[in-house]
file work07.txt (compact mmCIF, C-alpha atoms and all ligand atoms)
# COMPACT_ATOMS: atom_id res chain seq x y z
CA VAL E 1 16.02 25.94 37.43
CA ASP E 2 12.40 24.87 37.12
CA PHE E 3 12.13 21.99 34.63
CA GLY E 4 8.35 22.15 34.70
CA PHE E 5 7.40 19.56 37.32
CA GLY E 6 3.84 20.29 38.38
CA GLY E 7 4.03 23.42 36.26
CA GLU E 8 2.02 24.65 33.35
CA ASN E 9 2.37 21.53 31.18
CA GLU E 10 0.99 19.33 33.93
CA ARG E 11 -2.17 21.42 33.99
CA ASP E 12 -3.05 19.81 30.65
CA ALA E 13 -2.82 16.41 32.30
CA SER E 14 -6.23 16.50 33.96
CA SER E 15 -8.09 17.30 30.72
CA ILE E 16 -6.07 14.67 28.80
CA ARG E 17 -6.84 12.11 31.52
CA ALA E 18 -10.55 12.98 31.32
CA PHE E 19 -10.45 12.51 27.52
CA LEU E 20 -8.73 9.11 27.85
CA GLU E 21 -10.93 7.90 30.72
CA GLU E 22 -13.98 8.51 28.57
CA ALA E 23 -12.54 6.95 25.40
CA MET E 24 -10.73 3.94 26.85
CA THR E 25 -13.38 2.27 29.02
CA PRO E 26 -12.75 -1.46 29.56
CA GLU E 27 -16.11 -2.34 27.92
CA GLU E 28 -15.30 -0.35 24.80
CA THR E 29 -11.70 -1.54 24.39
CA ARG E 30 -12.62 -5.17 25.03
CA SER E 31 -15.33 -5.06 22.38
CA GLN E 32 -12.93 -3.37 19.91
CA ARG E 33 -10.07 -5.80 20.45
CA ASP E 34 -7.76 -6.70 17.54
CA PRO E 35 -4.73 -8.70 18.73
CA LEU E 36 -3.16 -8.64 15.24
CA ASP E 37 -2.68 -4.88 15.44
CA LEU E 38 0.13 -3.34 17.51
CA SER E 39 -2.40 -0.99 19.14
CA GLY E 40 -4.50 -3.99 20.25
CA VAL E 41 -7.70 -2.42 18.89
CA ALA E 42 -9.63 -2.44 15.62
CA GLU E 43 -8.89 0.15 12.96
CA PRO E 44 -12.27 1.99 13.05
CA PHE E 45 -11.88 2.54 16.81
CA GLU E 46 -8.33 3.80 16.33
CA ARG E 47 -9.35 6.15 13.51
CA ALA E 48 -12.26 7.54 15.54
CA LEU E 49 -9.91 8.18 18.47
CA HIS E 50 -7.38 9.97 16.24
CA ARG E 51 -10.16 12.25 14.98
CA ALA E 52 -11.37 12.91 18.53
CA ALA E 53 -7.81 13.73 19.66
CA GLY E 54 -7.47 16.02 16.64
CA GLU E 55 -10.72 17.81 17.49
CA SER E 56 -9.46 18.33 21.03
CA GLY E 57 -6.28 19.91 19.64
CA TRP E 58 -3.88 17.32 21.07
CA LEU E 59 -2.30 16.48 17.67
CA GLY E 60 0.13 19.24 16.85
CA ALA E 61 -0.03 20.82 20.30
CA PRO E 62 3.09 22.68 21.56
CA ALA E 63 5.98 20.47 22.75
CA GLY E 64 5.12 20.68 26.48
CA THR E 65 1.48 19.65 26.03
CA GLN E 66 2.48 17.03 23.46
CA SER E 67 4.88 15.48 25.93
CA VAL E 68 2.22 15.14 28.65
CA PHE E 69 -0.20 13.78 26.05
CA ASN E 70 2.33 11.20 24.83
CA ARG E 71 3.11 10.01 28.36
CA LEU E 72 -0.56 9.67 29.29
CA VAL E 73 -1.71 7.88 26.12
CA ALA E 74 1.00 5.27 26.78
CA GLU E 75 -0.13 4.98 30.40
CA TYR E 76 -3.69 4.29 29.18
CA ASP E 77 -2.65 1.98 26.28
CA ALA E 78 -4.56 4.35 23.99
CA PRO E 79 -3.93 3.85 20.23
CA LEU E 80 -2.66 7.40 19.81
CA ILE E 81 1.05 6.70 19.56
CA ASP E 82 1.49 5.94 15.87
CA THR E 83 -0.57 8.90 14.71
CA ALA E 84 0.40 10.59 11.45
CA TRP E 85 1.34 13.60 13.58
CA THR E 86 3.85 11.64 15.70
CA LEU E 87 5.32 9.83 12.73
CA ALA E 88 5.49 12.61 10.16
CA GLY E 89 4.76 15.90 11.94
CA HIS E 90 8.42 16.92 12.01
CA ALA E 91 9.06 16.06 8.35
CA LEU E 92 5.90 17.85 7.19
CA THR E 93 6.45 21.01 9.17
CA THR E 94 10.17 21.14 8.37
CA TYR E 95 10.57 19.96 4.77
CA ALA E 96 7.17 20.04 3.01
CA SER E 97 6.42 22.55 0.25
CA THR E 98 3.72 25.16 0.87
CA ASP E 99 1.29 23.09 -1.22
CA GLN E 100 2.07 19.89 0.70
CA ARG E 101 1.79 21.67 4.02
CA GLU E 102 -1.59 23.16 3.10
CA ARG E 103 -2.81 19.80 1.84
CA PHE E 104 -1.56 17.49 4.58
CA LEU E 105 -1.05 19.36 7.84
CA PRO E 106 -4.75 20.09 8.51
CA LEU E 107 -5.62 16.42 7.79
CA VAL E 108 -2.83 15.21 10.07
CA GLN E 109 -3.68 17.61 12.90
CA ARG E 110 -7.37 16.73 12.70
CA GLY E 111 -6.44 13.02 12.89
CA GLU E 112 -8.13 12.35 9.54
CA ILE E 113 -5.39 10.34 7.83
CA GLU E 114 -3.24 7.41 8.89
CA LEU E 115 0.38 7.30 7.87
CA CYS E 116 3.32 4.93 8.12
CA ILE E 117 7.04 5.51 7.78
CA ALA E 118 9.01 3.04 5.71
CA TYR E 119 12.76 3.55 5.85
CA THR E 120 14.05 0.09 6.88
CA GLU E 121 15.01 -2.60 4.34
CA ALA E 122 16.15 -6.18 4.85
CA GLY E 123 19.79 -5.10 4.35
CA ALA E 124 19.42 -1.61 5.83
CA GLY E 125 18.36 -1.30 9.48
CA SER E 126 20.66 0.62 11.81
CA ASP E 127 22.80 1.38 8.77
CA LEU E 128 20.27 3.11 6.55
CA SER E 129 23.01 4.19 4.15
CA ALA E 130 22.66 0.68 2.65
CA ILE E 131 19.16 1.32 1.25
CA GLU E 132 18.50 -0.05 -2.22
CA ALA E 133 14.95 1.13 -3.02
CA ALA E 134 15.17 3.41 -6.02
CA ALA E 135 13.00 6.21 -7.37
CA VAL E 136 14.01 6.64 -11.00
CA PRO E 137 13.10 10.00 -12.60
CA THR E 138 10.54 9.56 -15.41
CA GLY E 139 10.19 13.07 -16.77
CA ASP E 140 6.95 13.98 -15.00
CA GLY E 141 7.77 12.21 -11.71
CA PHE E 142 9.45 9.03 -10.45
CA SER E 143 9.08 5.27 -10.69
CA LEU E 144 9.54 3.74 -7.22
CA THR E 145 10.81 0.17 -6.81
CA GLY E 146 11.99 -1.61 -3.68
CA ARG E 147 11.01 -3.58 -0.59
CA LYS E 148 10.62 -2.02 2.85
CA VAL E 149 10.42 -4.21 5.97
CA LEU E 150 9.45 -3.95 9.66
CA VAL E 151 6.97 -1.16 8.93
CA THR E 152 4.47 -0.31 11.65
CA GLY E 153 0.88 0.01 10.46
CA ALA E 154 1.35 -0.05 6.65
CA HIS E 155 -1.73 -2.27 6.32
CA LYS E 156 -3.95 0.58 7.55
CA ALA E 157 -2.00 3.58 6.28
CA ASP E 158 -3.45 6.02 3.74
CA TRP E 159 -0.02 7.51 3.08
CA CYS E 160 3.57 6.38 3.52
CA LEU E 161 6.63 8.48 4.17
CA THR E 162 9.59 6.69 2.61
CA ILE E 163 13.11 7.14 1.31
CA ALA E 164 14.66 5.88 -1.91
CA ARG E 165 17.78 6.47 -3.94
CA THR E 166 17.37 9.10 -6.65
CA ARG E 167 20.96 8.79 -7.88
CA ASP E 168 22.98 5.63 -8.35
CA ASP E 169 26.33 7.27 -9.01
CA VAL E 170 26.90 8.55 -5.45
CA PRO E 171 26.49 6.95 -1.98
CA ALA E 172 22.93 6.89 -0.60
CA ARG E 173 23.81 9.66 1.87
CA HIS E 174 24.20 12.05 -1.07
CA GLY E 175 21.71 10.59 -3.55
CA SER E 176 18.45 9.73 -1.74
CA SER E 177 15.15 11.56 -1.48
CA MET E 178 12.07 11.38 0.73
CA PHE E 179 8.63 10.73 -0.74
CA LEU E 180 5.05 10.86 0.43
CA VAL E 181 3.38 7.89 -1.24
CA ASP E 182 -0.36 7.42 -1.65
CA MET E 183 -0.89 3.81 -0.49
CA THR E 184 -3.78 3.28 -2.92
CA LEU E 185 -1.52 3.64 -5.98
CA PRO E 186 -1.13 0.62 -8.29
CA GLY E 187 2.04 -1.45 -7.74
CA ILE E 188 1.96 -1.42 -3.92
CA ALA E 189 1.58 -4.70 -2.00
CA VAL E 190 1.56 -4.96 1.80
CA THR E 191 2.26 -8.24 3.60
CA ARG E 192 1.68 -8.62 7.34
CA ARG E 193 4.28 -10.61 9.32
CA ILE E 194 3.60 -11.87 12.82
CA THR E 195 5.86 -10.66 15.68
CA MET E 196 6.82 -12.61 18.81
CA ASN E 197 4.07 -10.81 20.74
CA ASP E 198 1.46 -11.95 18.18
CA TRP E 199 0.73 -8.65 16.44
CA THR E 200 2.00 -7.83 12.95
CA LEU E 201 4.63 -5.66 11.32
CA ASP E 202 4.43 -5.07 7.57
CA GLU E 203 6.50 -5.46 4.46
CA ILE E 204 5.81 -3.13 1.56
CA GLU E 205 6.68 -4.02 -2.00
CA PHE E 206 6.88 -1.04 -4.36
CA ALA E 207 6.87 -2.41 -7.92
CA GLY E 208 7.40 0.45 -10.35
CA VAL E 209 4.94 2.74 -8.55
CA ALA E 210 4.33 5.86 -10.64
CA LEU E 211 4.78 8.91 -8.40
CA GLY E 212 4.03 12.47 -9.48
CA ALA E 213 6.68 15.15 -8.98
CA ASP E 214 4.58 16.41 -6.05
CA ALA E 215 5.32 13.18 -4.13
CA LEU E 216 8.87 14.40 -3.45
CA LEU E 217 9.13 15.69 0.13
CA GLY E 218 11.74 18.38 0.60
CA GLU E 219 14.86 18.68 -1.45
CA ARG E 220 15.79 16.13 -4.09
CA ASP E 221 18.91 14.12 -3.12
CA ALA E 222 18.82 15.60 0.42
CA GLY E 223 16.64 12.79 1.78
CA TRP E 224 19.34 11.34 3.98
CA ARG E 225 19.86 14.56 5.98
CA GLN E 226 16.10 15.05 6.24
CA MET E 227 15.51 11.48 7.41
CA VAL E 228 18.15 11.76 10.15
CA GLY E 229 16.28 14.82 11.47
CA ALA E 230 12.91 13.09 11.15
CA VAL E 231 14.07 9.94 12.97
CA ALA E 232 15.53 11.99 15.82
CA ALA E 233 12.26 13.90 16.24
CA GLU E 234 9.89 10.95 15.67
CA ARG E 235 9.72 9.43 19.12
CA THR E 236 10.08 11.36 22.32
CA GLY E 237 10.91 9.53 25.52
CA ALA E 238 7.50 10.46 26.92
CA PHE E 239 5.82 7.31 25.54
CA HIS E 240 8.39 5.12 27.30
CA LEU E 241 7.73 6.91 30.59
CA GLY E 242 3.99 6.26 30.26
CA PHE E 243 4.51 2.54 29.65
CA ALA E 244 6.94 2.35 32.56
CA ARG E 245 4.47 4.05 34.95
CA HIS E 246 1.68 1.70 33.87
CA VAL E 247 3.67 -1.50 34.42
CA LEU E 248 5.42 -0.35 37.58
CA ASP E 249 2.01 0.53 39.09
CA ALA E 250 0.77 -2.97 38.17
CA LEU E 251 3.87 -4.46 39.83
CA ILE E 252 3.38 -2.36 42.98
CA ALA E 253 -0.27 -3.53 43.13
CA HIS E 254 0.90 -7.13 42.68
CA VAL E 255 3.46 -7.03 45.52
CA ARG E 256 0.89 -5.52 47.87
CA THR E 257 -1.63 -8.31 47.22
CA VAL E 258 -1.95 -11.13 49.76
CA ASP E 259 -1.47 -14.56 48.14
CA GLY E 260 -3.21 -17.89 48.93
CA ARG E 261 -0.76 -18.53 51.77
CA GLY E 262 -1.53 -15.21 53.44
CA ARG E 263 1.72 -13.57 52.34
CA ARG E 264 2.46 -10.47 50.31
CA PRO E 265 5.49 -10.39 47.99
CA ALA E 266 6.26 -6.98 49.49
CA ASP E 267 6.99 -8.63 52.85
CA ASP E 268 10.22 -9.95 51.30
CA PRO E 269 12.91 -7.30 51.75
CA LEU E 270 14.56 -8.22 48.44
CA VAL E 271 11.29 -7.57 46.61
CA ARG E 272 10.82 -4.24 48.43
CA ASP E 273 14.36 -3.28 47.55
CA ARG E 274 13.95 -4.12 43.88
CA VAL E 275 10.61 -2.35 43.43
CA THR E 276 11.87 0.72 45.28
CA GLN E 277 14.98 0.84 43.11
CA LEU E 278 12.84 0.73 39.94
CA SER E 279 10.68 3.52 41.29
CA LEU E 280 13.78 5.67 41.88
CA GLU E 281 14.96 4.92 38.36
CA LEU E 282 11.60 5.91 36.88
CA ASP E 283 11.75 9.19 38.75
CA ALA E 284 15.26 9.77 37.38
CA ALA E 285 14.04 8.94 33.84
CA ARG E 286 11.19 11.39 34.22
CA ARG E 287 13.57 14.14 35.33
CA LEU E 288 15.87 13.41 32.39
CA GLY E 289 12.84 13.66 30.07
CA ALA E 290 11.75 16.94 31.63
CA ARG E 291 15.25 18.37 31.27
CA THR E 292 15.31 17.40 27.59
CA LEU E 293 11.90 18.95 27.01
CA TRP E 294 13.03 22.10 28.80
CA GLY E 295 15.88 22.30 26.27
CA ILE E 296 13.61 21.58 23.29
CA GLU E 297 11.22 24.35 24.34
CA ARG E 298 14.16 26.75 24.37
CA GLY E 299 15.27 25.61 20.91
CA GLU E 300 18.23 23.39 21.82
CA PRO E 301 18.15 20.31 24.06
CA GLY E 302 21.87 19.68 23.44
CA PRO E 303 23.03 16.75 21.31
CA ALA E 304 23.46 14.15 24.06
CA LEU E 305 20.25 14.51 26.11
CA PRO E 306 17.75 12.90 23.67
CA PRO E 307 19.91 9.77 23.16
CA MET E 308 20.52 9.58 26.93
CA GLY E 309 16.77 9.63 27.57
CA LYS E 310 16.10 6.99 24.89
CA VAL E 311 18.78 4.60 26.20
CA TYR E 312 17.81 5.02 29.85
CA ALA E 313 14.03 4.71 29.35
CA THR E 314 14.12 1.71 26.98
CA GLU E 315 16.51 -0.21 29.25
CA LEU E 316 14.46 0.72 32.33
CA LEU E 317 11.38 -0.76 30.62
CA GLN E 318 13.28 -4.03 30.20
CA ARG E 319 14.37 -3.99 33.86
CA ILE E 320 10.78 -3.41 35.02
CA ALA E 321 9.46 -6.26 32.83
CA GLN E 322 12.24 -8.57 34.01
CA ALA E 323 11.60 -7.75 37.68
CA ALA E 324 7.83 -8.22 37.29
CA THR E 325 8.14 -11.67 35.68
CA GLU E 326 10.71 -12.79 38.26
CA ILE E 327 8.84 -11.48 41.32
CA ALA E 328 5.51 -12.94 40.13
CA GLY E 329 7.07 -16.37 39.45
CA PRO E 330 5.15 -18.78 37.19
CA ALA E 331 2.04 -16.52 37.25
CA GLY E 332 4.23 -13.78 35.76
CA LEU E 333 4.77 -15.93 32.68
CA VAL E 334 1.05 -16.22 31.85
CA HIS E 335 0.55 -13.99 28.83
CA ALA E 336 -2.49 -11.95 27.75
CA ALA E 337 -2.75 -9.68 24.70
CA LEU E 338 -3.74 -6.03 25.22
CA PHE E 339 -7.41 -5.65 26.24
CA ASP E 340 -7.87 -9.43 26.42
CA SER E 341 -9.57 -11.05 29.42
CA PRO E 342 -6.63 -12.59 31.28
CA SER E 343 -6.45 -16.12 32.64
CA PRO E 344 -7.17 -16.27 36.40
CA TYR E 345 -3.64 -17.69 36.78
CA ALA E 346 -2.00 -14.60 35.26
CA ALA E 347 -0.16 -12.06 37.43
CA GLY E 348 -0.53 -8.42 36.43
CA GLY E 349 -3.48 -9.34 34.19
CA GLY E 350 -1.06 -11.17 31.84
CA ARG E 351 0.74 -7.89 31.22
CA PHE E 352 4.08 -8.86 32.82
CA ALA E 353 4.73 -11.62 30.29
CA TRP E 354 3.47 -9.39 27.44
CA GLU E 355 5.84 -6.61 28.53
CA TYR E 356 8.80 -8.98 28.76
CA LEU E 357 8.44 -9.77 25.05
CA GLU E 358 7.34 -6.31 23.95
CA ARG E 359 10.19 -4.33 25.46
CA VAL E 360 12.89 -6.24 23.56
CA HIS E 361 12.56 -4.08 20.44
CA GLY E 362 12.82 -0.70 22.18
CA THR E 363 16.59 -0.97 22.49
CA ILE E 364 17.01 -1.96 18.81
CA GLY E 365 14.50 0.23 16.93
CA GLY E 366 14.42 4.03 16.78
CA GLY E 367 18.23 4.07 16.66
CA ALA E 368 19.84 1.06 18.37
CA ASN E 369 21.10 1.81 21.89
CA GLU E 370 24.66 0.90 20.91
CA VAL E 371 24.52 3.61 18.24
CA GLN E 372 22.94 6.05 20.73
CA ARG E 373 25.77 5.33 23.18
CA ASP E 374 28.27 6.19 20.44
CA ALA E 375 26.46 9.50 19.99
CA ILE E 376 26.52 10.22 23.75
CA ALA E 377 30.23 9.37 23.93
CA GLN E 378 31.11 11.55 20.99
CA LEU E 379 28.73 14.50 21.35
CA GLY E 380 28.23 14.52 25.10
CA LEU E 381 31.62 13.42 26.41
CA GLY E 382 33.84 14.59 23.56
CA LEU E 383 35.32 11.09 23.07
CA PRO E 384 36.83 10.21 19.69
CA ARG E 385 34.55 8.95 16.89
CA THR E 386 34.15 5.13 16.75
CA ARG E 387 36.41 3.42 14.21
CA ARG E 388 34.36 1.37 11.71
C1 LIG P 401 8.46 -3.11 16.62
C2 LIG P 401 9.23 -2.49 15.51
C3 LIG P 401 8.65 -1.46 14.78
C4 LIG P 401 9.35 -0.89 13.72
N1 LIG P 401 8.72 0.07 12.97
C5 LIG P 401 9.37 0.59 11.90
C6 LIG P 401 8.70 1.52 11.04
O1 LIG P 401 7.54 1.88 11.24
N2 LIG P 401 9.38 1.98 9.95
C7 LIG P 401 10.67 1.61 9.68
O2 LIG P 401 11.23 2.10 8.71
N3 LIG P 401 11.33 0.72 10.47
C8 LIG P 401 10.70 0.21 11.57
N4 LIG P 401 11.33 -0.72 12.36
C9 LIG P 401 12.68 -1.12 12.03
C10 LIG P 401 13.72 -0.57 13.01
O3 LIG P 401 13.95 0.78 12.76
C11 LIG P 401 14.95 -1.46 12.85
O4 LIG P 401 14.67 -2.67 13.53
C12 LIG P 401 16.18 -0.82 13.41
O5 LIG P 401 16.60 0.24 12.60
C13 LIG P 401 17.32 -1.83 13.54
O6 LIG P 401 17.56 -2.45 12.33
P1 LIG P 401 17.66 -4.06 12.21
O7 LIG P 401 16.40 -4.63 12.80
O8 LIG P 401 17.99 -4.39 10.81
O9 LIG P 401 18.83 -4.46 13.19
P2 LIG P 401 20.38 -4.28 12.90
O10 LIG P 401 20.67 -2.90 12.46
O11 LIG P 401 20.85 -5.41 12.06
O12 LIG P 401 20.94 -4.44 14.37
C14 LIG P 401 21.11 -5.72 14.95
C15 LIG P 401 21.91 -5.57 16.22
O13 LIG P 401 23.16 -4.97 15.96
C16 LIG P 401 23.36 -3.84 16.79
N5 LIG P 401 24.07 -2.78 16.02
C17 LIG P 401 23.71 -2.28 14.83
N6 LIG P 401 24.57 -1.30 14.46
C18 LIG P 401 25.50 -1.21 15.42
C19 LIG P 401 26.65 -0.37 15.62
N7 LIG P 401 27.00 0.56 14.73
N8 LIG P 401 27.39 -0.55 16.74
C20 LIG P 401 27.04 -1.48 17.65
N9 LIG P 401 25.95 -2.30 17.53
C21 LIG P 401 25.19 -2.16 16.43
C22 LIG P 401 21.95 -3.38 17.18
O14 LIG P 401 21.92 -2.75 18.41
C23 LIG P 401 21.19 -4.68 17.25
O15 LIG P 401 21.32 -5.27 18.50
C24 LIG P 401 10.65 -1.32 13.42
C25 LIG P 401 11.25 -2.34 14.17
C26 LIG P 401 10.55 -2.93 15.19
C27 LIG P 401 11.19 -4.06 15.94
call {"tool": "encode", "arguments": {"input": "work07.txt", "output": "structure tokens"}}
result
Amino acid sequence: VDFGFGGENERDASSIRAFLEEAMTPEETRSQRDPLDLSGVAEPFERALHRAAGESGWLGAPAGTQSVFNRLVAEYDAPLIDTAWTLAGHALTTYASTDQRERFLPLVQRGEIELCIAYTEAGAGSDLSAIEAAAVPTGDGFSLTGRKVLVTGAHKADWCLTIARTRDDVPARHGSSMFLVDMTLPGIAVTRRITMNDWTLDEIEFAGVALGADALLGERDAGWRQMVGAVAAERTGAFHLGFARHVLDALIAHVRTVDGRGRRPADDPLVRDRVTQLSLELDAARRLGARTLWGIERGEPGPALPPMGKVYATELLQRIAQAATEIAGPAGLVHAALFDSPSPYAAGGGRFAWEYLERVHGTIGGGANEVQRDAIAQLGLGLPRTRR
């Protein structure tokens, strides 16, 4: 079976690399730096890049091309990961009405709007059935009230895809709906909260926001089922593989470099062993990703492969970051934000310490790895459902 290594999808790689090489020059990114944003760059630069990617047809490309694109943008640290297409493409193409599709899809695919997704609440993270935000019917629409937390990019979003209860007499799984909310509407307040890596996640307060009936996305009261599908489709493992390649390459460059005492870390057999092991694991992760994509392109990746890829890649990222900080010693703990000029004392350009902090959340967000392991056990291995 050919899972596509070096095949047709990889042919896109050279044109995507050319696009990123031109857009992400060190001079440009350094001058556009914004350490408070997850992407590390200022909003106008990010918006311009989304439009350029849209013009090149990368947003909304077929799954194979999209996967190569996702892996490479992560490898280049390009702010093309939280595009409206990545975050809401599945929900829009699957659940939107004809009117919504005609209105939003061209804007999203041309990279002309920014969007955030706001599902999480203070009391509803992994267990989203505990959501309390409510959209009360008003006759000609809904009045939305509630507080969403840990939202990526709400401060720069034009639109927000969210979920709220539309019935209070049944559990949220049977009485919630999805909405597309215009972030300029009255009654919306966004507060930025600093993360441990010094960029910000957002809280959104919806205080009786008047939504038209056309804000409803998909079927009323079927929001839970829709959201489960949207979350599963939102993030492919390809981004993780791009980050892993980037940092592992930096680690390989580090261990090859001769230090002040004329030694290379790679002369230590334990270091060679550890770096080689990580390289094998990255190759295995890439093959797992390719196998999943192969299934997706044929309409069915199987229920266990996507969670297997997510668990393996996010934990591999933590192992790479841990190895890099340990091998580099004190210099591996010197931190630099993305696109910052690193201290001369930093190993890996300050990236190893940044990665160590950044990769913590991968195993919690996007479906916690413990929950993914439950899914693998049940759907992949046929083990009994977890007792709760
Ligand atoms: C960087 C970042 C970006 C985010 N962006 C967004 C966004 O754009 N939009 C959005 O809506 N949300 C976003 N989130 C929120 C994210 O989806 C939640 O963090 C995630 O759902 C986990 O919820 P929680 O943080 O409340 O942790 P909890 O659910 O409280 O989990 C805490 C711990 O308990 C474990 N755990 C939970 N349930 C189980 C279980 N059943 N069995 C075993 N262990 C379990 C988890 O693994 C974790 O270690 C983001 C979070 C982060 C960190």
call {"tool": "closest_residue", "arguments": {"input": "work07.txt", "among": "E:Phe179, E:Trp199, E:Trp354, E:Tyr76", "to": "ligand LIG 401 (chain P)", "atoms": "all atoms listed in the file"}}
result
E:Trp199
call {"tool": "closest_residue", "arguments": {"input": "work07.txt", "among": "E:Thr314, E:Thr93, E:Ser177, E:Thr120", "to": "E:Gln372", "atoms": "all atoms listed in the file"}}
result
E:Thr314
call {"tool": "closest_atom_pairs", "arguments": {"input": "work07.txt", "of": "stretch 244-359 of chain E", "to": "stretch 27-45 of chain E", "cutoff": "10 Å", "atoms": "all atoms listed in the file", "output": "JSON lines"}}
result
{"residue": "E:Ala336", "atom": "CA", "partner": "E:Pro35", "partner_atom": "CA", "distance": 9.8}
{"residue": "E:Ala337", "atom": "CA", "partner": "E:Pro35", "partner_atom": "CA", "distance": 6.4}
{"residue": "E:Leu338", "atom": "CA", "partner": "E:Gly40", "partner_atom": "CA", "distance": 5.4}
{"residue": "E:Phe339", "atom": "CA", "partner": "E:Arg30", "partner_atom": "CA", "distance": 5.4}
{"residue": "E:Asp340", "atom": "CA", "partner": "E:Arg30", "partner_atom": "CA", "distance": 6.5}
{"residue": "E:Ser341", "atom": "CA", "partner": "E:Arg30", "partner_atom": "CA", "distance": 7.9}
call {"tool": "atom_distance", "arguments": {"input": "work07.txt", "atom1": "atom CA of E:Ala353", "atom2": "atom CA of E:His240"}}
result
17.4 Å
call {"tool": "residues_near_ligand", "arguments": {"input": "work07.txt", "ligand": "ligand LIG 401 (chain P)", "cutoff": "9 Å", "atoms": "all atoms listed in the file", "output": "PyMOL selection string"}}
result
chain E and resi 38+82+87+116-128+148-154+162+195+200-202+358+360-374+386+388
call {"tool": "residues_near_point", "arguments": {"input": "work07.txt", "point": "(12.0, 11.0, -2.2)", "cutoff": "10 Å", "atoms": "all atoms listed in the file", "output": "count of residues only"}}
result
30
call {"tool": "residues_around", "arguments": {"input": "work07.txt", "residues": "stretch 184-188 of chain E", "least_positions_apart": "5", "cutoff": "7 Å", "atoms": "all atoms listed in the file", "output": "ChimeraX atom specification"}}
result
/E:204-209
call {"tool": "write_last_selection", "arguments": {"input": "work07.txt", "atoms": "C-alpha atoms", "output": "PDB file, keeping the file's coordinate frame"}}
result
ATOM      1  CA  ILE E 204       5.810  -3.130   1.560  1.00  0.00           C
ATOM      2  CA  GLU E 205       6.680  -4.020  -2.000  1.00  0.00           C
ATOM      3  CA  PHE E 206       6.880  -1.040  -4.360  1.00  0.00           C
ATOM      4  CA  ALA E 207       6.870  -2.410  -7.920  1.00  0.00           C
ATOM      5  CA  GLY E 208       7.400   0.450 -10.350  1.00  0.00           C
ATOM      6  CA  VAL E 209       4.940   2.740  -8.550  1.00  0.00           C
TER       7      VAL E 209
END
call {"tool": "closest_residue", "arguments": {"input": "work07.txt", "among": "E:Ala172, E:Asn9, E:Pro306, E:Arg287", "to": "E:Glu132", "atoms": "all atoms listed in the file"}}
result
E:Ala172
call {"tool": "closest_residue", "arguments": {"input": "work07.txt", "among": "E:Gly382, E:Gly309, E:Gly89, E:Pro330", "to": "E:Phe352", "atoms": "only C-alpha atoms"}}
result
E:Pro330
call {"tool": "residues_around", "arguments": {"input": "work07.txt", "residues": "E:Thr83", "least_positions_apart": "3", "cutoff": "9 Å", "atoms": "all atoms listed in the file", "output": "compact mmCIF listing (two decimals) with C-alpha atoms, in the coordinates of the input"}}
result
# COMPACT_ATOMS: atom_id res chain seq x y z
CA HIS E 50 -7.38 9.97 16.24
CA LEU E 59 -2.30 16.48 17.67
CA PRO E 79 -3.93 3.85 20.23
CA LEU E 80 -2.66 7.40 19.81
CA THR E 86 3.85 11.64 15.70
CA LEU E 87 5.32 9.83 12.73
CA ALA E 88 5.49 12.61 10.16
CA VAL E 108 -2.83 15.21 10.07
CA GLY E 111 -6.44 13.02 12.89
CA ILE E 113 -5.39 10.34 7.83
CA GLU E 114 -3.24 7.41 8.89
CA LEU E 115 0.38 7.30 7.87
CA CYS E 116 3.32 4.93 8.12
call {"tool": "residues_near_point", "arguments": {"input": "work07.txt", "point": "(12.5, 2.3, 37.4)", "cutoff": "9 Å", "atoms": "all atoms listed in the file", "output": "PyMOL selection string"}}
result
chain E and resi 244-245+248+275-285+313+316-317+319-320
call {"tool": "atom_distance", "arguments": {"input": "work07.txt", "atom1": "atom CA of E:Arg225", "atom2": "atom CA of E:Glu112"}}
result
28.3 Å
